[in-house]
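Q: Handing you this structure, nothing more for now.
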Amino acid sequence: MYDLPQDWFQNDYGRYSVPEGLDHRPAVRLIKAGKIYEPNTIRFMRTHAGTGDIIHAGTFFGDFLPGLSGAMALDARIWAFEPNPDSHSHAQRTIAMNALDNVTLTHAAVSNTDGVIRFQTRDTQGNPLGGHSRFVTADGPGVEQVPAIQLDNVVPQDRQVSILQLDVEGHERAALDGAMGIITRCRPILILEEFRYKRWIKAKLGHLGYELKQKIHANRIFAPADRTL
């Protein structure tokens, strides 16, 4: 029996361990109010997961995980990634509180290289950034080192991936570079937050037929032209 932490909240999909000091963030505010953050995105992912796996990078405290987990096929998995240490800890609790046995959570940033990267987790006043944590190139206040991985080196090659979803604060192109094997092999739906580089998609993935299909919340949905969504 899992002992619930004091900082847990609930909505229609499940229970959540929510970080402190981030009430200004929409995901935290809505979950604390018993609501769902980005309900249309979760609904879309639940509908289109099919029989394959989901890659979910930028997991935050796991606000998508209960909703996605319940819609997965019997042998499918969610491959979740969160580089912020505090957010990762809360995501672990969210997984445990809901007994999500089809989620593999990794404490790492997704990139085009394996190693260690600089990651800003707090602002210069020491306030937590939560889901706005981001890659930086220099040391400074609130910057720490976190593991970085290439998705192609973590998700087994025998897994069929239906959806690759990235919320990585501007690091999408590097993350996609590190997942080219998965994309070429599986041709998954790509869900990219605040991603406006359509020319980059055409240059990198045009040979696979990828095009912008629609927008949901702040996300842009790319998929091969022959894929009906």
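Following the order of the structure tokens, first chain is A, next is B, and so on, with residues numbered from 1 inside each chain and ligands from 1 in the order they appear.
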Within 12 Å of region 188-191 of chain A, which residues of region 64-175 of chain A come that close, and what is the closest atom pair and distance in Å for each? Count only C-alpha atoms and give it as JSON lines.

A:
{"residue": "A:Arg159", "atom": "CA", "partner": "A:Pro188", "partner_atom": "CA", "distance": 11.7}
{"residue": "A:Gln160", "atom": "CA", "partner": "A:Pro188", "partner_atom": "CA", "distance": 8.7}
{"residue": "A:Val161", "atom": "CA", "partner": "A:Pro188", "partner_atom": "CA", "distance": 6.0}
{"residue": "A:Ser162", "atom": "CA", "partner": "A:Pro188", "partner_atom": "CA", "distance": 4.6}
{"residue": "A:Ile163", "atom": "CA", "partner": "A:Ile189", "partner_atom": "CA", "distance": 4.7}
{"residue": "A:Leu164", "atom": "CA", "partner": "A:Leu190", "partner_atom": "CA", "distance": 5.0}
{"residue": "A:Gln165", "atom": "CA", "partner": "A:Ile191", "partner_atom": "CA", "distance": 4.5}
{"residue": "A:Leu166", "atom": "CA", "partner": "A:Ile191", "partner_atom": "CA", "distance": 6.2}
{"residue": "A:Asp167", "atom": "CA", "partner": "A:Ile191", "partner_atom": "CA", "distance": 8.5}
{"residue": "A:Val168", "atom": "CA", "partner": "A:Ile191", "partner_atom": "CA", "distance": 11.3}
{"residue": "A:Glu172", "atom": "CA", "partner": "A:Ile191", "partner_atom": "CA", "distance": 10.3}
{"residue": "A:Arg173", "atom": "CA", "partner": "A:Leu190", "partner_atom": "CA", "distance": 12.0}
{"residue": "A:Ala175", "atom": "CA", "partner": "A:Leu190", "partner_atom": "CA", "distance": 11.7}

Q: Can you write out the residues you just picked, keeping C-alpha atoms, as an mmCIF file, in the first residue's frame?

A:
data_model
loop_
_atom_site.group_PDB
_atom_site.id
_atom_site.type_symbol
_atom_site.label_atom_id
_atom_site.label_comp_id
_atom_site.auth_asym_id
_atom_site.auth_seq_id
_atom_site.Cartn_x
_atom_site.Cartn_y
_atom_site.Cartn_z
ATOM 1 C CA ARG A 159 9.361 -1.266 -29.715
ATOM 2 C CA GLN A 160 6.750 0.255 -32.021
ATOM 3 C CA VAL A 161 6.262 3.920 -31.104
ATOM 4 C CA SER A 162 2.926 5.516 -32.037
ATOM 5 C CA ILE A 163 3.432 8.995 -30.558
ATOM 6 C CA LEU A 164 6.547 11.028 -29.774
ATOM 7 C CA GLN A 165 5.598 14.030 -27.647
ATOM 8 C CA LEU A 166 8.135 16.701 -26.653
ATOM 9 C CA ASP A 167 7.730 19.551 -24.187
ATOM 10 C CA VAL A 168 11.399 20.434 -23.850
ATOM 11 C CA GLU A 172 13.087 19.972 -29.728
ATOM 12 C CA ARG A 173 15.414 19.910 -32.719
ATOM 13 C CA ALA A 175 15.808 15.836 -29.184
#

Q: So that I can check the secondary structure, give me every residue of region 13-195 of chain A assigned helix (DSSP H, G or I) by backbone DSSP, as a VMD selection string.

A: chain A and resid 26 to 32 39 to 48 65 to 69 85 to 97 130 to 132 151 to 153 172 to 177 180 to 186

Q: Taking 5 positions as the minimum chain separation for residues in the same chain, which residues sit within 6 Å of region 76-91 of chain A when counting only C-alpha atoms? Answer as a ChimeraX atom specification.

A: /A:17,52-62,102-109

Q: Can you pull out the residues contacting Gly140 (chain A)? Cut-off 12 Å, using only C-alpha atoms, and skip same-chain residues under 2 positions away; I want them as number ranges by chain.

A: A: 118-126, 136-138, 142-145
